[in-house]
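Colleague: What follows is protein-v9.txt, compact mmCIF, N, CA and C atoms.
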```
# COMPACT_ATOMS: atom_id res chain seq x y z
N GLN A 1 -6.72 10.39 -18.30
CA GLN A 1 -6.35 9.00 -18.06
C GLN A 1 -6.02 8.82 -16.58
N VAL A 2 -6.67 7.84 -15.96
CA VAL A 2 -6.44 7.58 -14.54
C VAL A 2 -5.04 6.99 -14.34
N GLN A 3 -4.34 7.54 -13.36
CA GLN A 3 -3.03 7.01 -13.04
C GLN A 3 -2.82 7.03 -11.52
N LEU A 4 -2.15 6.01 -11.03
CA LEU A 4 -1.64 5.99 -9.67
C LEU A 4 -0.13 5.90 -9.80
N VAL A 5 0.57 6.76 -9.10
CA VAL A 5 2.03 6.79 -9.20
C VAL A 5 2.63 6.65 -7.82
N GLU A 6 3.41 5.58 -7.64
CA GLU A 6 4.09 5.36 -6.38
C GLU A 6 5.49 5.97 -6.44
N SER A 7 5.97 6.39 -5.28
CA SER A 7 7.33 6.88 -5.16
C SER A 7 7.79 6.70 -3.72
N GLY A 8 9.08 6.93 -3.50
CA GLY A 8 9.62 6.86 -2.14
C GLY A 8 10.41 5.61 -1.84
N GLY A 9 10.45 4.69 -2.78
CA GLY A 9 11.24 3.49 -2.57
C GLY A 9 12.72 3.78 -2.64
N GLY A 10 13.51 2.77 -2.30
CA GLY A 10 14.95 2.92 -2.35
C GLY A 10 15.65 1.84 -1.57
N LEU A 11 16.93 2.06 -1.34
CA LEU A 11 17.76 1.12 -0.58
C LEU A 11 17.90 1.64 0.84
N VAL A 12 17.63 0.79 1.81
CA VAL A 12 17.72 1.19 3.21
C VAL A 12 18.30 0.02 4.00
N GLN A 13 18.99 0.34 5.06
CA GLN A 13 19.57 -0.69 5.91
C GLN A 13 18.50 -1.30 6.82
N PRO A 14 18.70 -2.52 7.27
CA PRO A 14 17.76 -3.11 8.23
C PRO A 14 17.59 -2.21 9.43
N GLY A 15 16.34 -2.09 9.87
CA GLY A 15 16.03 -1.18 10.97
C GLY A 15 15.69 0.22 10.53
N GLY A 16 15.91 0.53 9.25
CA GLY A 16 15.64 1.86 8.75
C GLY A 16 14.19 2.08 8.39
N SER A 17 13.92 3.26 7.84
CA SER A 17 12.55 3.67 7.50
C SER A 17 12.47 4.24 6.10
N LEU A 18 11.30 4.10 5.52
CA LEU A 18 10.98 4.74 4.25
C LEU A 18 9.51 5.14 4.29
N ARG A 19 9.17 6.18 3.54
CA ARG A 19 7.77 6.54 3.38
C ARG A 19 7.42 6.51 1.90
N LEU A 20 6.50 5.62 1.57
CA LEU A 20 6.03 5.51 0.20
C LEU A 20 4.83 6.43 0.00
N SER A 21 4.74 6.97 -1.20
CA SER A 21 3.60 7.82 -1.57
C SER A 21 2.89 7.22 -2.77
N CYS A 22 1.59 7.39 -2.79
CA CYS A 22 0.75 6.97 -3.91
C CYS A 22 -0.09 8.18 -4.28
N VAL A 23 0.19 8.76 -5.43
CA VAL A 23 -0.52 9.96 -5.88
C VAL A 23 -1.47 9.59 -7.01
N GLY A 24 -2.69 10.10 -6.91
CA GLY A 24 -3.68 9.83 -7.94
C GLY A 24 -3.76 10.96 -8.95
N SER A 25 -3.95 10.59 -10.22
CA SER A 25 -4.15 11.56 -11.29
C SER A 25 -5.43 11.19 -12.01
N GLU A 26 -6.30 12.17 -12.20
CA GLU A 26 -7.61 11.96 -12.83
C GLU A 26 -8.47 11.00 -12.01
N ILE A 27 -8.22 10.92 -10.74
CA ILE A 27 -8.99 10.08 -9.83
C ILE A 27 -8.83 10.63 -8.42
N THR A 28 -9.91 10.64 -7.65
CA THR A 28 -9.87 11.13 -6.28
C THR A 28 -9.72 9.93 -5.36
N LEU A 29 -8.53 9.79 -4.79
CA LEU A 29 -8.24 8.59 -4.01
C LEU A 29 -9.15 8.45 -2.80
N SER A 30 -9.56 9.55 -2.21
CA SER A 30 -10.39 9.47 -1.00
C SER A 30 -11.75 8.85 -1.27
N HIS A 31 -12.12 8.72 -2.53
CA HIS A 31 -13.40 8.10 -2.89
C HIS A 31 -13.32 6.57 -2.91
N TYR A 32 -12.12 6.03 -2.70
CA TYR A 32 -11.91 4.58 -2.81
C TYR A 32 -11.18 4.03 -1.60
N PRO A 33 -11.42 2.77 -1.27
CA PRO A 33 -10.45 2.08 -0.42
C PRO A 33 -9.14 1.97 -1.20
N ILE A 34 -8.03 2.24 -0.52
CA ILE A 34 -6.73 2.18 -1.18
C ILE A 34 -5.89 1.13 -0.49
N GLY A 35 -5.34 0.23 -1.29
CA GLY A 35 -4.50 -0.82 -0.75
C GLY A 35 -3.05 -0.68 -1.17
N TRP A 36 -2.18 -1.11 -0.31
CA TRP A 36 -0.75 -1.28 -0.65
C TRP A 36 -0.47 -2.78 -0.71
N PHE A 37 0.23 -3.16 -1.76
CA PHE A 37 0.61 -4.55 -1.98
C PHE A 37 2.11 -4.61 -2.24
N ARG A 38 2.66 -5.80 -2.17
CA ARG A 38 4.07 -5.96 -2.51
C ARG A 38 4.29 -7.31 -3.17
N GLN A 39 5.34 -7.36 -3.97
CA GLN A 39 5.71 -8.61 -4.62
C GLN A 39 7.22 -8.72 -4.62
N ALA A 40 7.70 -9.75 -3.96
CA ALA A 40 9.12 -10.03 -3.94
C ALA A 40 9.47 -10.99 -5.07
N PRO A 41 10.72 -11.01 -5.50
CA PRO A 41 11.13 -11.91 -6.59
C PRO A 41 10.79 -13.35 -6.27
N GLY A 42 10.13 -14.02 -7.20
CA GLY A 42 9.80 -15.42 -7.02
C GLY A 42 8.64 -15.69 -6.10
N LYS A 43 8.00 -14.63 -5.61
CA LYS A 43 6.88 -14.81 -4.68
C LYS A 43 5.61 -14.20 -5.25
N GLU A 44 4.48 -14.62 -4.71
CA GLU A 44 3.22 -14.06 -5.13
C GLU A 44 3.02 -12.67 -4.51
N ARG A 45 2.21 -11.87 -5.18
CA ARG A 45 1.85 -10.58 -4.63
C ARG A 45 1.06 -10.77 -3.34
N GLU A 46 1.32 -9.93 -2.36
CA GLU A 46 0.60 -10.02 -1.09
C GLU A 46 0.13 -8.65 -0.64
N GLY A 47 -1.01 -8.63 0.01
CA GLY A 47 -1.55 -7.39 0.53
C GLY A 47 -0.84 -6.99 1.80
N VAL A 48 -0.56 -5.70 1.92
CA VAL A 48 0.19 -5.16 3.05
C VAL A 48 -0.71 -4.34 3.96
N SER A 49 -1.44 -3.40 3.39
CA SER A 49 -2.22 -2.48 4.21
C SER A 49 -3.34 -1.89 3.37
N CYS A 50 -4.37 -1.39 4.04
CA CYS A 50 -5.52 -0.83 3.34
C CYS A 50 -6.11 0.31 4.14
N LEU A 51 -6.63 1.30 3.43
CA LEU A 51 -7.19 2.49 4.07
C LEU A 51 -8.53 2.84 3.44
N ILE A 52 -9.52 3.07 4.30
CA ILE A 52 -10.77 3.70 3.87
C ILE A 52 -10.82 5.03 4.60
N GLY A 53 -10.41 6.09 3.91
CA GLY A 53 -10.25 7.36 4.57
C GLY A 53 -11.52 7.90 5.20
N ILE A 54 -12.62 7.77 4.49
CA ILE A 54 -13.87 8.35 4.97
C ILE A 54 -14.33 7.70 6.27
N ASP A 55 -13.95 6.46 6.49
CA ASP A 55 -14.32 5.73 7.70
C ASP A 55 -13.19 5.69 8.73
N HIS A 56 -12.05 6.24 8.36
CA HIS A 56 -10.86 6.15 9.21
C HIS A 56 -10.54 4.69 9.52
N TYR A 57 -10.81 3.82 8.58
CA TYR A 57 -10.56 2.39 8.77
C TYR A 57 -9.21 2.03 8.17
N THR A 58 -8.43 1.31 8.93
CA THR A 58 -7.15 0.83 8.43
C THR A 58 -7.03 -0.67 8.69
N TYR A 59 -6.31 -1.32 7.80
CA TYR A 59 -6.04 -2.75 7.92
C TYR A 59 -4.56 -2.98 7.67
N TYR A 60 -3.99 -3.89 8.45
CA TYR A 60 -2.57 -4.24 8.27
C TYR A 60 -2.43 -5.76 8.28
N ALA A 61 -1.63 -6.24 7.36
CA ALA A 61 -1.26 -7.65 7.42
C ALA A 61 -0.44 -7.90 8.68
N ASP A 62 -0.54 -9.09 9.22
CA ASP A 62 0.14 -9.39 10.48
C ASP A 62 1.64 -9.12 10.41
N PHE A 63 2.24 -9.35 9.26
CA PHE A 63 3.70 -9.22 9.17
C PHE A 63 4.18 -7.78 9.15
N VAL A 64 3.27 -6.80 9.13
CA VAL A 64 3.69 -5.39 9.19
C VAL A 64 3.07 -4.64 10.36
N LYS A 65 2.20 -5.30 11.10
CA LYS A 65 1.56 -4.62 12.23
C LYS A 65 2.59 -4.09 13.21
N GLY A 66 2.39 -2.85 13.63
CA GLY A 66 3.31 -2.23 14.57
C GLY A 66 4.53 -1.61 13.91
N ARG A 67 4.72 -1.88 12.63
CA ARG A 67 5.88 -1.31 11.92
C ARG A 67 5.46 -0.35 10.81
N PHE A 68 4.38 -0.62 10.13
CA PHE A 68 3.93 0.19 9.00
C PHE A 68 2.68 0.98 9.42
N THR A 69 2.52 2.18 8.83
CA THR A 69 1.35 3.00 9.06
C THR A 69 0.85 3.55 7.74
N ILE A 70 -0.43 3.37 7.47
CA ILE A 70 -1.03 3.91 6.26
C ILE A 70 -1.82 5.17 6.62
N SER A 71 -1.76 6.16 5.75
CA SER A 71 -2.49 7.40 6.00
C SER A 71 -2.78 8.08 4.67
N GLY A 72 -3.66 9.06 4.72
CA GLY A 72 -4.01 9.78 3.50
C GLY A 72 -4.00 11.27 3.70
N ASP A 73 -3.74 12.01 2.64
CA ASP A 73 -3.80 13.46 2.62
C ASP A 73 -4.71 13.84 1.46
N ASN A 74 -5.95 14.18 1.79
CA ASN A 74 -6.92 14.45 0.72
C ASN A 74 -6.53 15.67 -0.11
N ALA A 75 -5.96 16.67 0.54
CA ALA A 75 -5.57 17.88 -0.18
C ALA A 75 -4.51 17.59 -1.24
N LYS A 76 -3.68 16.59 -0.97
CA LYS A 76 -2.63 16.23 -1.93
C LYS A 76 -3.02 15.01 -2.77
N ASN A 77 -4.23 14.49 -2.54
CA ASN A 77 -4.68 13.31 -3.28
C ASN A 77 -3.64 12.19 -3.21
N THR A 78 -3.16 11.96 -2.00
CA THR A 78 -2.04 11.05 -1.80
C THR A 78 -2.33 10.11 -0.63
N VAL A 79 -1.91 8.88 -0.77
CA VAL A 79 -1.93 7.92 0.32
C VAL A 79 -0.49 7.51 0.60
N TYR A 80 -0.15 7.46 1.87
CA TYR A 80 1.22 7.16 2.28
C TYR A 80 1.29 5.79 2.96
N LEU A 81 2.47 5.22 2.90
CA LEU A 81 2.78 4.04 3.69
C LEU A 81 4.11 4.31 4.39
N GLN A 82 4.02 4.62 5.68
CA GLN A 82 5.23 4.83 6.47
C GLN A 82 5.72 3.47 6.94
N MET A 83 6.95 3.16 6.61
CA MET A 83 7.51 1.84 6.92
C MET A 83 8.70 2.03 7.85
N ASN A 84 8.59 1.52 9.05
CA ASN A 84 9.65 1.60 10.05
C ASN A 84 10.16 0.20 10.37
N SER A 85 11.30 0.15 11.02
CA SER A 85 11.90 -1.13 11.44
C SER A 85 11.94 -2.11 10.27
N LEU A 86 12.39 -1.64 9.15
CA LEU A 86 12.40 -2.48 7.95
C LEU A 86 13.34 -3.66 8.10
N GLU A 87 12.93 -4.76 7.51
CA GLU A 87 13.67 -6.01 7.56
C GLU A 87 13.99 -6.45 6.14
N PRO A 88 15.02 -7.25 5.97
CA PRO A 88 15.33 -7.74 4.61
C PRO A 88 14.14 -8.42 3.94
N GLU A 89 13.28 -9.04 4.74
CA GLU A 89 12.10 -9.72 4.19
C GLU A 89 11.08 -8.74 3.61
N ASP A 90 11.25 -7.45 3.89
CA ASP A 90 10.36 -6.44 3.32
C ASP A 90 10.77 -6.03 1.91
N THR A 91 11.88 -6.53 1.45
CA THR A 91 12.35 -6.21 0.10
C THR A 91 11.35 -6.69 -0.93
N ALA A 92 10.88 -5.78 -1.77
CA ALA A 92 9.86 -6.10 -2.77
C ALA A 92 9.56 -4.86 -3.59
N VAL A 93 8.81 -5.06 -4.67
CA VAL A 93 8.20 -3.92 -5.36
C VAL A 93 6.85 -3.67 -4.69
N TYR A 94 6.62 -2.42 -4.32
CA TYR A 94 5.39 -2.04 -3.62
C TYR A 94 4.47 -1.32 -4.59
N TYR A 95 3.21 -1.71 -4.54
CA TYR A 95 2.20 -1.15 -5.43
C TYR A 95 1.03 -0.60 -4.61
N CYS A 96 0.41 0.46 -5.10
CA CYS A 96 -0.86 0.90 -4.53
C CYS A 96 -1.95 0.64 -5.56
N ALA A 97 -3.16 0.52 -5.05
CA ALA A 97 -4.29 0.21 -5.92
C ALA A 97 -5.59 0.72 -5.31
N THR A 98 -6.51 1.13 -6.16
CA THR A 98 -7.87 1.39 -5.69
C THR A 98 -8.59 0.06 -5.59
N LEU A 99 -9.40 -0.08 -4.58
CA LEU A 99 -10.09 -1.34 -4.33
C LEU A 99 -11.58 -1.11 -4.17
N ASP A 100 -12.32 -2.19 -4.21
CA ASP A 100 -13.75 -2.13 -3.92
C ASP A 100 -14.00 -2.17 -2.41
N LYS A 101 -13.13 -2.86 -1.69
CA LYS A 101 -13.26 -2.94 -0.24
C LYS A 101 -11.92 -3.32 0.36
N CYS A 102 -11.76 -3.03 1.64
CA CYS A 102 -10.59 -3.46 2.38
C CYS A 102 -10.90 -4.77 3.10
N PRO A 103 -9.86 -5.53 3.42
CA PRO A 103 -10.10 -6.73 4.23
C PRO A 103 -10.67 -6.36 5.60
N ARG A 104 -11.46 -7.26 6.14
CA ARG A 104 -11.97 -7.11 7.50
C ARG A 104 -11.48 -8.29 8.31
N ALA A 105 -12.01 -8.44 9.51
CA ALA A 105 -11.51 -9.46 10.43
C ALA A 105 -11.59 -10.87 9.84
N TYR A 106 -12.67 -11.15 9.11
CA TYR A 106 -12.88 -12.50 8.60
C TYR A 106 -12.99 -12.56 7.09
N THR A 107 -12.53 -11.51 6.43
CA THR A 107 -12.54 -11.51 4.97
C THR A 107 -11.17 -11.12 4.45
N GLY A 108 -10.82 -11.65 3.31
CA GLY A 108 -9.52 -11.36 2.73
C GLY A 108 -9.58 -10.22 1.73
N TRP A 109 -8.54 -10.14 0.93
CA TRP A 109 -8.46 -9.11 -0.08
C TRP A 109 -9.40 -9.43 -1.24
N THR A 110 -10.06 -8.40 -1.73
CA THR A 110 -10.97 -8.55 -2.87
C THR A 110 -10.46 -7.67 -4.00
N LEU A 111 -10.07 -8.30 -5.09
CA LEU A 111 -9.58 -7.57 -6.26
C LEU A 111 -10.57 -7.72 -7.40
N THR A 112 -10.73 -6.69 -8.18
CA THR A 112 -11.66 -6.72 -9.31
C THR A 112 -10.98 -6.17 -10.54
N PRO A 113 -11.50 -6.47 -11.71
CA PRO A 113 -10.91 -5.92 -12.94
C PRO A 113 -11.01 -4.40 -13.02
N ASP A 114 -11.85 -3.80 -12.18
CA ASP A 114 -12.01 -2.35 -12.23
C ASP A 114 -10.98 -1.61 -11.37
N ASP A 115 -10.15 -2.35 -10.64
CA ASP A 115 -9.15 -1.71 -9.79
C ASP A 115 -8.09 -1.02 -10.64
N PHE A 116 -7.62 0.10 -10.15
CA PHE A 116 -6.51 0.80 -10.80
C PHE A 116 -5.24 0.53 -10.00
N TRP A 117 -4.15 0.29 -10.70
CA TRP A 117 -2.87 -0.03 -10.07
C TRP A 117 -1.79 0.94 -10.53
N GLY A 118 -0.86 1.20 -9.62
CA GLY A 118 0.32 1.95 -10.00
C GLY A 118 1.37 1.03 -10.60
N GLN A 119 2.50 1.64 -10.97
CA GLN A 119 3.55 0.89 -11.64
C GLN A 119 4.53 0.26 -10.65
N GLY A 120 4.46 0.68 -9.40
CA GLY A 120 5.29 0.09 -8.36
C GLY A 120 6.55 0.89 -8.08
N THR A 121 7.05 0.72 -6.87
CA THR A 121 8.32 1.33 -6.46
C THR A 121 9.12 0.28 -5.70
N GLN A 122 10.40 0.20 -6.02
CA GLN A 122 11.26 -0.84 -5.44
C GLN A 122 11.73 -0.44 -4.06
N VAL A 123 11.58 -1.36 -3.12
CA VAL A 123 12.13 -1.19 -1.78
C VAL A 123 13.12 -2.33 -1.55
N THR A 124 14.34 -1.96 -1.21
CA THR A 124 15.38 -2.94 -0.95
C THR A 124 15.94 -2.68 0.45
N VAL A 125 15.88 -3.70 1.28
CA VAL A 125 16.39 -3.60 2.64
C VAL A 125 17.60 -4.51 2.74
N SER A 126 18.75 -3.89 2.87
CA SER A 126 19.99 -4.66 2.86
C SER A 126 21.09 -3.87 3.53
N SER A 127 22.00 -4.59 4.16
CA SER A 127 23.16 -3.94 4.75
C SER A 127 24.34 -3.97 3.77
```
If you took the structure in this file and wrote it as structure tokens, what would it be?

Modeller:
Amino acid sequence: QVQLVESGGGLVQPGGSLRLSCVGSEITLSHYPIGWFRQAPGKEREGVSCLIGIDHYTYYADFVKGRFTISGDNAKNTVYLQMNSLEPEDTAVYYCATLDKCPRAYTGWTLTPDDFWGQGTQVTVSS
């Protein structure tokens, strides 16, 4: 059974850092574009970052550029999201997902029924 499992969330003070992990089971993550998304209470889900490992292509939403870094470790079948300079507005449940493609300069996020999603990990930024 294919599974994506996120971990690494928690409570952190503003300005702090967290590293989220997305581990694949029964699926090779490097074979897919991998996206990180988040959903805050009362808000719609939004795309945060995307990685195509084989192309070394990365995408970041404007609101995380310069603060978040996405990377992959093929040996561990894991994709990471390093989050620095966290702000209270970053508070949300973070999800990883396999995608058909990552956003490009003039295209948005593309989701399909074939995408696999993790269960999410809570990130809370508060003093």

Colleague: Name the residues, using the chain letters and numbers of the file, that sit within 10 Å of (-7.1, -3.7, 9.1) when counting only C-alpha atoms, and give them as number ranges by chain.

Modeller: A: 48-52, 57-62, 65, 102-105

Colleague: What does the distance between CA of Asp114 in chain A and atom C of Asp100 in chain A come to in Å, to one decimal place?

Modeller: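 If I compute the distance from CA of Asp114 in chain A to atom C of Asp100 in chain A, I get 10.0 Å.
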
Colleague: (-6.7, 11.7, -0.3) in this file's frame - what residues fall within 7 Å of it? Use only N, CA and C atoms and give the answer as a list in words.

Modeller: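 Checked against the point, the hits come out as Thr28, Leu29, Ser30, His31, Gly72, Asp73, Asn74, Ala75, Lys76, Asn77, Thr78 and Val79 of chain A.
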
Colleague: Could you check the closest approach to Gln39 in chain A for each of A:Val2, A:Leu86, A:Cys96, A:Ile70 and tell me which residue wins, using only C-alpha atoms?

Modeller: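 Closest to Gln39 in chain A of all the choices is A:Cys96.
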
Colleague: Within 6.5 Å of Tyr94 in chain A, counting all atoms listed in the file, which residues qualify if same-chain residues fewer than 2 places away don't, as a ChimeraX atom specification?

Modeller: /A:36-39,92,96,119-123

Colleague: So how far away is atom C of Arg67 in chain A from atom C of Arg19 in chain A, in Å?

Modeller: 11.4 Å

Colleague: Expressed in Å to a single decimal, how great is the separation between atom C of Gln3 in chain A and atom N of Glu87 in chain A?

Modeller: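 About the pair atom C of Gln3 in chain A and atom N of Glu87 in chain A: they are 27.4 Å apart.
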
Colleague: Any chance you could work out the axis-aligned box around range 79-88 of chain A, listed atoms only, 4 Å on each side, giving centre and edge lengths in Å to one decimal, as JSON?

Modeller:
```
{"center_x": 6.7, "center_y": 0.2, "center_z": 5.3, "size_x": 25.3, "size_y": 25.3, "size_z": 20.2}
```

Colleague: Do you know which residues are at most 5 Å from Glu6 in chain A counting all atoms listed in the file, after dropping those on the same chain fewer than 2 positions away, and could you put them as an NGL selection string?

Modeller: :A and (4 or 8 or 21-22)

Colleague: Keeping only N, CA and C atoms, write those residues as a PDB file, keeping the file's coordinate frame.

Modeller:
```pdb
ATOM      1  N   LEU A   4      -2.150   6.010 -11.030  1.00  0.00           N
ATOM      2  CA  LEU A   4      -1.640   5.990  -9.670  1.00  0.00           C
ATOM      3  C   LEU A   4      -0.130   5.900  -9.800  1.00  0.00           C
ATOM      4  N   GLY A   8       9.080   6.930  -3.500  1.00  0.00           N
ATOM      5  CA  GLY A   8       9.620   6.860  -2.140  1.00  0.00           C
ATOM      6  C   GLY A   8      10.410   5.610  -1.840  1.00  0.00           C
ATOM      7  N   SER A  21       4.740   6.970  -1.200  1.00  0.00           N
ATOM      8  CA  SER A  21       3.600   7.820  -1.570  1.00  0.00           C
ATOM      9  C   SER A  21       2.890   7.220  -2.770  1.00  0.00           C
ATOM     10  N   CYS A  22       1.590   7.390  -2.790  1.00  0.00           N
ATOM     11  CA  CYS A  22       0.750   6.970  -3.910  1.00  0.00           C
ATOM     12  C   CYS A  22      -0.090   8.180  -4.280  1.00  0.00           C
TER      13      CYS A  22
END
```

Colleague: Where in range 1-117 of chain A does DSSP assign strand (DSSP E or B), given as a ChimeraX atom specification?

Modeller: /A:3-7,10-12,18-25,34-39,46-52,57-60,68-73,78-83,92-98,104,107,117

Colleague: Pick out the residues sitting within 6 Å of Val12 in chain A, and hand them over as a ChimeraX atom specification; count all atoms listed in the file, and ignore anything fewer than 6 positions along from it in its own chain.

Modeller: /A:124-127

Colleague: Please identify the helix (DSSP H, G or I) residues within chain A (assignment by DSSP from backbone atoms) and present them as a list of chain:residue names.

Modeller: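 Helix (DSSP H, G or I) members of chain A, listed: A:Leu29, A:Ser30, A:His31, A:Gly53, A:Ile54, A:Asp55, A:Asp62, A:Phe63, A:Val64, A:Asn74, A:Ala75, A:Lys76, A:Pro88, A:Glu89, A:Asp90.
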
Colleague: Looking at only N, CA and C atoms, which of A:Pro14, A:Glu46, A:Pro113, A:Ile34 is the one that sits closest to Asn84 in chain A?

Modeller: A:Pro14

Colleague: Tell me which protein, DNA and RNA residues are within 6 Å of Thr98 in chain A, counting only N, CA and C atoms, leaving out same-chain ones fewer than 3 positions away, and put them as a list in words.

Modeller: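 The neighbour list is Tyr32, Pro33, Ile34, Gly35, Asp115, Phe116 and Trp117 of chain A.
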
Colleague: Measuring atom to atom with only C-alpha atoms, identify which of A:Leu99, A:Thr112, A:Thr91, A:Gly66 is nearest to Gly10 in chain A.

Modeller: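 Counting only C-alpha atoms, the residue closest to Gly10 in chain A is A:Thr91.
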